[in-house]
Amino acid sequence: MEFDVAIIGGGVNGVFTALDLALRGLKVVLLEKGVIGGGTSGKMHGLLHSGARYVVTDPKAAVECAEENKIIARIAPHVVDDTGGYFVAVTKDDLDFQEEFISGLRRANIDYKIIDTRDAVREEPNLNPEVKAVIEVPDKVVYARELLISAAISAYIEGALVIQNAEVVGLNINGDEITSAVVRDGAKGDIKRVNAKVFVNAAGPWAGRVAGMAGINVDIMPTMGVMVVYRHRLARRVINRMRPPSDGDILVPYGHVSIMGTTAVIVDDPDNLTISKDDIEFLTSEGSQMVPALAREPVIRAYASVRPLINMPGVTGREATRDFMVVRHERPKNLVSVIGGKFTTGRLVGERLADEVSKFLGVSKASRTKEHTLFGANPSSDIKDLDQETISIVKSFEGTIDEERGLIASLTLILHHIVHRSRSLIGWST
Ligand SMILES: Cc1cc2nc3c(=O)[nH]c(=O)nc-3n(C[C@H](O)[C@H](O)[C@H](O)COP(=O)(O)OP(=O)(O)OC[C@H]3O[C@@H](n4cnc5c(N)ncnc54)[C@H](O)[C@@H]3O)c2cc1C
C-alpha cells in the first residue's frame, strides 16, 4: 500500500495535519510510536491561550493564539470550557507592567476588560484580596486528550489511517527522496515498511531524532516544564500573573482540580525527566501569591513534559519564541518538519504543513479544518463502521448521570476501534 503522506507523530500537530490532508482528499497514514497524545500534547497545561500571555514578548504568537482560540472553541465545543481568564498584578512591578500589557492587548486585537479588584475578589473568592489590578481576557480551558482523540477520529472518518504503537526507527532514502519509513510495530514486535510520497516530521521534542534518520539536522531546544495538580478547583477562571512570561505564572482550573505551572529548563533527553520537591514548592509558592488557598491545598500529583521550541543562539527556554516554523528540507526533498508552536496553534500548524505537502504533490485544494467540526459532539451517531459492542458501550452513557464524563471513555474506545481497523486496512495483523 502506498500513501500520499506518512505523518510521524500523533501529537496536536500530527493529528491536525492528518485531518487537514485527509480533508483535501489525500491518502494519509499517521504513525505514532506510543498512543495519540502520549507526548507533550497530552501533558500540557490545559490553557487554550487567548494570546494575552505573549502580547508583549512574542506578538506574532499572540495573534496566532488569539485567532486559534476562537477557531478551536468553534470546531470543538465539546472539549473547551469557556472559563475566561484574569491577569492579576500582585506586586508593584506587576502593576508597572500593566500599561505595556494593555498596549500589547490592543495591538493584538484581544478583547480585554479592566475589572475593579473588589469585583474580581467577589467573582473569584480565592483570589488574593491584596491584588493591585485585574484584567479579564478570553482565556479558555481545553481538555487535551479529548481534543486530540476527537481530531484523530475525524481524520479517520475522512479516510486517514491512524496507527498507534508504530515507531519510525529509520527512513530509507533513494537519491534525494525518502522512499519508505522503517517502522517497529510495538504490538507485534516486528519491523514493517510504510511507503509514501511525502513524509511529515511532527515528532515534537523527538523531531531532531527523526530528522537524524534522514541525515539532516532540525534545530530544536527541548525545554522541560513541570506542572503541579491540586485536589480542588480553586477558581472559575484561569488566573495568570500580570508580568512578562515567567516561571510559575498560570493557574488553570481543569475540571474539578487546579493545575499550577510551569517551569522552563533545557534538557538533553525528552524521555528522561525528573521532578524535584523544589519544583513543587516553588510552583506552590508562586501560585499562592495569586491564590493564597493554594498553599493549603493537597498536591495530588505532578507531571512534566518538553516543549519542542525553535533553537536560537543565546536565547534561553523562557525567552524563546512560542511561534512555530515549518521547514521544507532540500534533501531529502520529500520531508517536511515542524518545530515549536503551542497546543493552541496545533490546527494552524497542521494547515501550514498540509499546504507544504500539497505544494509538493501539486494538489490545489485549500485547508478546510477551520470550519470542520470535530467528531465528539455526538459520539454514538457520527461514525459508520463501529462494531456493535463499541456502539452499545458508547450508548450506555446516554441519559445517565455520567453522560458528560463518559465522553473521554467513549472517545478512547472509539480510538481503539479505529486503530484496530487502520491496522487491518494497512495489512498489519492486530
Ligand atoms: C509544560 C508545558 C505546558 C504547556 N502548556 C500549554 C498550554 O497550556 N497551552 C498551549 O497552547 N500549549 C502548551 N504547551 C505547548 C504544547 O503542549 C506543545 O507545543 C505541543 O503540545 C507540541 O505538540 P507536538 O505535536 O509538536 O508534540 P507532541 O505532542 O510531543 O507529539 C509528538 C509525537 O510524536 C511521537 N513520536 C516521536 N518520535 C516518533 C517516532 N520515531 N515514530 C512515531 N512517533 C513518534 C511522540 O510519541 C509524540 O506523541 C505546553 C508545553 C509544555 C512543555
# chains A, B, ... in the order shown; residues from 1 in each chain; ligands from 1

$ select_by_dssp --residues "region 16-186 of chain A" --states "strand (DSSP E or B)" --output "NGL selection string"
:A and (28-31 or 47-48 or 80-81 or 85-89 or 113-115 or 133-137 or 140-142 or 161-163 or 166-174 or 177-185)

$ write_last_selection --atoms "C-alpha atoms" --output "CSV table (one decimal), in the first residue's frame"
chain,number,residue,atom,x,y,z
A,28,VAL,CA,-2.8,9.6,4.7
A,29,VAL,CA,-1.3,7.4,7.4
A,30,LEU,CA,-0.5,8.7,10.9
A,31,LEU,CA,2.2,6.8,12.7
A,47,LEU,CA,-4.8,26.5,28.6
A,48,LEU,CA,-6.3,27.5,25.3
A,80,VAL,CA,-13.5,23.5,25.6
A,81,ASP,CA,-14.5,25.2,28.8
A,85,GLY,CA,-9.1,34.4,32.4
A,86,TYR,CA,-7.8,37.0,34.8
A,87,PHE,CA,-4.4,38.6,34.7
A,88,VAL,CA,-3.6,39.8,38.2
A,89,ALA,CA,-1.0,42.3,39.5
A,113,LYS,CA,-11.7,44.4,30.4
A,114,ILE,CA,-10.3,46.2,33.4
A,115,ILE,CA,-12.0,44.7,36.4
A,133,ALA,CA,-5.1,45.3,39.3
A,134,VAL,CA,-7.1,42.8,37.4
A,135,ILE,CA,-7.7,42.5,33.6
A,136,GLU,CA,-10.1,39.9,32.1
A,137,VAL,CA,-9.2,38.2,28.8
A,140,LYS,CA,-10.3,29.1,27.9
A,141,VAL,CA,-9.5,25.6,29.1
A,142,VAL,CA,-9.1,22.8,26.7
A,161,LEU,CA,-5.4,5.6,8.8
A,162,VAL,CA,-4.3,6.1,12.4
A,163,ILE,CA,-1.8,3.6,13.8
A,166,ALA,CA,4.2,2.3,15.4
A,167,GLU,CA,7.6,3.8,16.0
A,168,VAL,CA,9.6,5.1,13.0
A,169,VAL,CA,13.1,3.8,13.5
A,170,GLY,CA,14.6,4.5,10.1
A,171,LEU,CA,14.0,6.2,6.8
A,172,ASN,CA,15.0,4.5,3.5
A,173,ILE,CA,16.4,7.1,1.1
A,174,ASN,CA,16.9,6.7,-2.7
A,177,GLU,CA,13.9,11.3,-1.7
A,178,ILE,CA,12.7,9.1,1.2
A,179,THR,CA,11.0,6.0,-0.3
A,180,SER,CA,9.8,4.4,2.9
A,181,ALA,CA,9.7,4.6,6.7
A,182,VAL,CA,11.0,1.6,8.7
A,183,VAL,CA,8.5,1.1,11.5
A,184,ARG,CA,8.8,-1.0,14.6
A,185,ASP,CA,5.3,-2.5,15.3

$ residues_around --residues "Ser396 (chain A)" --least-positions-apart "4" --cutoff "10 Å" --atoms "only C-alpha atoms" --output "number ranges by chain"
A: 380, 390-392, 400, 402-403, 406, 410

$ write_last_selection --atoms "N, CA, C and O atoms" --output "PDB file, in the first residue's frame"
ATOM      1  N   SER A 380     -21.957   8.696  19.490  1.00  0.00           N
ATOM      2  CA  SER A 380     -22.521   7.391  19.135  1.00  0.00           C
ATOM      3  C   SER A 380     -23.132   7.369  17.747  1.00  0.00           C
ATOM      4  O   SER A 380     -23.408   6.313  17.207  1.00  0.00           O
ATOM      5  N   THR A 390     -18.863  -1.838  20.695  1.00  0.00           N
ATOM      6  CA  THR A 390     -18.420  -0.460  20.947  1.00  0.00           C
ATOM      7  C   THR A 390     -19.626   0.468  20.989  1.00  0.00           C
ATOM      8  O   THR A 390     -19.755   1.299  21.895  1.00  0.00           O
ATOM      9  N   ILE A 391     -20.534   0.312  20.001  1.00  0.00           N
ATOM     10  CA  ILE A 391     -21.721   1.178  19.969  1.00  0.00           C
ATOM     11  C   ILE A 391     -22.502   1.046  21.274  1.00  0.00           C
ATOM     12  O   ILE A 391     -22.909   2.053  21.872  1.00  0.00           O
ATOM     13  N   SER A 392     -22.678  -0.181  21.756  1.00  0.00           N
ATOM     14  CA  SER A 392     -23.522  -0.326  22.948  1.00  0.00           C
ATOM     15  C   SER A 392     -22.841   0.263  24.188  1.00  0.00           C
ATOM     16  O   SER A 392     -23.511   0.855  25.036  1.00  0.00           O
ATOM     17  N   THR A 400     -27.571   8.958  31.281  1.00  0.00           N
ATOM     18  CA  THR A 400     -27.185   8.593  32.650  1.00  0.00           C
ATOM     19  C   THR A 400     -26.549   9.794  33.341  1.00  0.00           C
ATOM     20  O   THR A 400     -26.245  10.813  32.703  1.00  0.00           O
ATOM     21  N   ASP A 402     -23.660  10.063  34.145  1.00  0.00           N
ATOM     22  CA  ASP A 402     -22.282  10.215  33.663  1.00  0.00           C
ATOM     23  C   ASP A 402     -22.183  10.525  32.171  1.00  0.00           C
ATOM     24  O   ASP A 402     -21.129  10.301  31.576  1.00  0.00           O
ATOM     25  N   GLU A 403     -23.248  11.063  31.568  1.00  0.00           N
ATOM     26  CA  GLU A 403     -23.219  11.286  30.111  1.00  0.00           C
ATOM     27  C   GLU A 403     -22.014  12.146  29.692  1.00  0.00           C
ATOM     28  O   GLU A 403     -21.304  11.803  28.758  1.00  0.00           O
ATOM     29  N   GLY A 406     -18.655  10.536  30.456  1.00  0.00           N
ATOM     30  CA  GLY A 406     -18.426   9.376  29.594  1.00  0.00           C
ATOM     31  C   GLY A 406     -17.741   9.721  28.285  1.00  0.00           C
ATOM     32  O   GLY A 406     -17.310   8.832  27.549  1.00  0.00           O
ATOM     33  N   SER A 410     -15.741   7.152  25.943  1.00  0.00           N
ATOM     34  CA  SER A 410     -16.258   6.817  24.611  1.00  0.00           C
ATOM     35  C   SER A 410     -15.225   7.092  23.531  1.00  0.00           C
ATOM     36  O   SER A 410     -14.999   6.275  22.634  1.00  0.00           O
TER      37      SER A 410
END

$ closest_residue --among "A:Asp96, A:Glu130, A:Asp58, A:Glu64" --to "ligand 1" --atoms "only C-alpha atoms and all ligand atoms"
A:Glu64

$ residues_around --residues "region 275-278 of chain A" --least-positions-apart "6" --cutoff "9 Å" --atoms "only C-alpha atoms" --output "list in words"
Val226, Ala302, Tyr303 and Ala304 of chain A

$ select_by_dssp --residues "region 101-326 of chain A" --states "alpha helix (DSSP H)" --output "MDAnalysis selection string"
chainID A and resid 101:107 117:123 144:157 207:213 277:290

$ write_last_selection --atoms "C-alpha atoms" --output "short mmCIF file (atom, residue, chain, number, x, y, z; two decimals), in the first residue's frame"
data_model
loop_
_atom_site.label_atom_id
_atom_site.label_comp_id
_atom_site.auth_asym_id
_atom_site.auth_seq_id
_atom_site.Cartn_x
_atom_site.Cartn_y
_atom_site.Cartn_z
CA PHE A 101 0.38 44.83 28.72
CA ILE A 102 -2.73 46.80 27.74
CA SER A 103 -0.93 48.33 24.73
CA GLY A 104 0.01 44.80 23.65
CA LEU A 105 -3.57 43.57 24.02
CA ARG A 106 -4.75 46.47 21.84
CA ARG A 107 -2.12 45.81 19.17
CA THR A 117 -10.31 44.50 42.22
CA ARG A 118 -13.20 44.22 44.71
CA ASP A 119 -15.47 42.85 41.95
CA ALA A 120 -12.73 40.42 40.96
CA VAL A 121 -12.48 39.08 44.52
CA ARG A 122 -16.27 38.77 44.65
CA GLU A 123 -16.16 36.76 41.41
CA ALA A 144 -6.18 17.88 25.80
CA ARG A 145 -6.68 14.16 25.21
CA GLU A 146 -10.34 14.69 24.29
CA LEU A 147 -9.37 17.20 21.60
CA LEU A 148 -6.55 15.02 20.24
CA ILE A 149 -8.68 11.89 20.03
CA SER A 150 -11.60 13.83 18.51
CA ALA A 151 -9.28 15.16 15.78
CA ALA A 152 -7.74 11.70 15.18
CA ILE A 153 -11.19 10.12 14.82
CA SER A 154 -12.25 12.95 12.47
CA ALA A 155 -9.14 12.27 10.35
CA TYR A 156 -10.05 8.57 10.22
CA ILE A 157 -13.62 9.37 9.18
CA ALA A 207 11.84 15.79 15.80
CA GLY A 208 15.64 16.04 15.89
CA ARG A 209 15.92 12.25 16.16
CA VAL A 210 13.56 11.68 13.22
CA ALA A 211 15.44 14.24 11.10
CA GLY A 212 18.68 12.46 12.06
CA MET A 213 17.29 9.29 10.40
CA LYS A 277 10.45 18.67 45.59
CA ASP A 278 11.83 22.17 44.96
CA ASP A 279 9.80 22.42 41.71
CA ILE A 280 6.60 21.63 43.62
CA GLU A 281 7.40 24.04 46.46
CA PHE A 282 8.38 26.79 44.02
CA LEU A 283 5.19 26.48 41.96
CA THR A 284 3.01 26.33 45.07
CA SER A 285 4.71 29.41 46.49
CA GLU A 286 4.34 31.40 43.22
CA GLY A 287 0.74 30.29 42.78
CA SER A 288 -0.24 31.16 46.33
CA GLN A 289 0.74 34.79 45.71
CA MET A 290 -2.23 34.92 43.31
#

$ residues_around --residues "Glu319 (chain A)" --least-positions-apart "3" --cutoff "10 Å" --atoms "only C-alpha atoms" --output "list in words"
Thr57, Asp58, Pro244, Pro245, Ser246, Ala264, Met312, Gly314, Val315, Thr316 and Arg322 of chain A

$ decode --residues "region 75-104 of chain A" --atoms "N, CA and C atoms" --output "compact mmCIF listing (two decimals), in the first residue's frame"
# COMPACT_ATOMS: atom_id res chain seq x y z
N ILE A 75 -14.85 24.75 16.54
CA ILE A 75 -14.88 23.41 15.91
C ILE A 75 -14.88 22.28 16.92
N ALA A 76 -14.59 22.59 18.19
CA ALA A 76 -14.54 21.52 19.20
C ALA A 76 -15.18 21.98 20.51
N PRO A 77 -16.45 22.41 20.45
CA PRO A 77 -17.06 22.98 21.67
C PRO A 77 -17.14 21.97 22.80
N HIS A 78 -17.16 20.66 22.47
CA HIS A 78 -17.32 19.63 23.50
C HIS A 78 -16.06 19.43 24.34
N VAL A 79 -14.92 20.04 23.93
CA VAL A 79 -13.69 19.84 24.70
C VAL A 79 -13.14 21.16 25.23
N VAL A 80 -13.94 22.21 25.14
CA VAL A 80 -13.47 23.53 25.58
C VAL A 80 -14.39 24.05 26.68
N ASP A 81 -13.77 24.56 27.75
CA ASP A 81 -14.51 25.19 28.84
C ASP A 81 -14.22 26.69 28.75
N ASP A 82 -15.26 27.46 28.43
CA ASP A 82 -15.05 28.89 28.20
C ASP A 82 -15.03 29.63 29.54
N THR A 83 -13.95 29.46 30.26
CA THR A 83 -13.86 29.99 31.63
C THR A 83 -13.59 31.48 31.67
N GLY A 84 -12.88 32.00 30.63
CA GLY A 84 -12.31 33.34 30.75
C GLY A 84 -11.06 33.27 31.61
N GLY A 85 -10.32 34.37 31.62
CA GLY A 85 -9.09 34.38 32.42
C GLY A 85 -8.86 35.76 33.03
N TYR A 86 -8.23 35.77 34.19
CA TYR A 86 -7.81 37.04 34.81
C TYR A 86 -6.30 37.14 34.75
N PHE A 87 -5.78 38.32 34.44
CA PHE A 87 -4.37 38.64 34.69
C PHE A 87 -4.35 39.52 35.93
N VAL A 88 -3.59 39.11 36.94
CA VAL A 88 -3.63 39.84 38.21
C VAL A 88 -2.25 40.40 38.56
N ALA A 89 -2.24 41.66 38.99
CA ALA A 89 -1.00 42.29 39.46
C ALA A 89 -0.91 42.08 40.97
N VAL A 90 0.18 41.45 41.39
CA VAL A 90 0.34 41.17 42.82
C VAL A 90 1.34 42.15 43.44
N THR A 91 2.37 42.53 42.68
CA THR A 91 3.40 43.42 43.22
C THR A 91 3.40 44.75 42.47
N LYS A 92 4.24 45.68 42.93
CA LYS A 92 4.33 46.97 42.23
C LYS A 92 4.93 46.76 40.82
N ASP A 93 5.89 45.82 40.73
CA ASP A 93 6.47 45.54 39.40
C ASP A 93 5.39 45.05 38.43
N ASP A 94 4.49 44.21 38.93
CA ASP A 94 3.39 43.73 38.07
C ASP A 94 2.54 44.92 37.62
N LEU A 95 2.28 45.81 38.58
CA LEU A 95 1.44 46.98 38.28
C LEU A 95 2.11 47.86 37.24
N ASP A 96 3.43 47.99 37.35
CA ASP A 96 4.18 48.80 36.37
C ASP A 96 4.11 48.21 34.97
N PHE A 97 3.87 46.89 34.89
CA PHE A 97 3.80 46.20 33.59
C PHE A 97 2.45 46.43 32.91
N GLN A 98 1.45 46.89 33.70
CA GLN A 98 0.07 46.94 33.20
C GLN A 98 -0.09 47.75 31.92
N GLU A 99 0.57 48.92 31.86
CA GLU A 99 0.37 49.80 30.71
C GLU A 99 0.86 49.13 29.41
N GLU A 100 2.08 48.55 29.53
CA GLU A 100 2.66 47.86 28.37
C GLU A 100 1.78 46.68 27.96
N PHE A 101 1.24 46.00 28.97
CA PHE A 101 0.38 44.83 28.72
C PHE A 101 -0.88 45.26 27.96
N ILE A 102 -1.49 46.34 28.41
CA ILE A 102 -2.73 46.80 27.74
C ILE A 102 -2.42 47.25 26.31
N SER A 103 -1.28 47.92 26.11
CA SER A 103 -0.93 48.33 24.73
C SER A 103 -0.79 47.09 23.86
N GLY A 104 -0.16 46.05 24.41
CA GLY A 104 0.01 44.80 23.65
C GLY A 104 -1.32 44.17 23.32
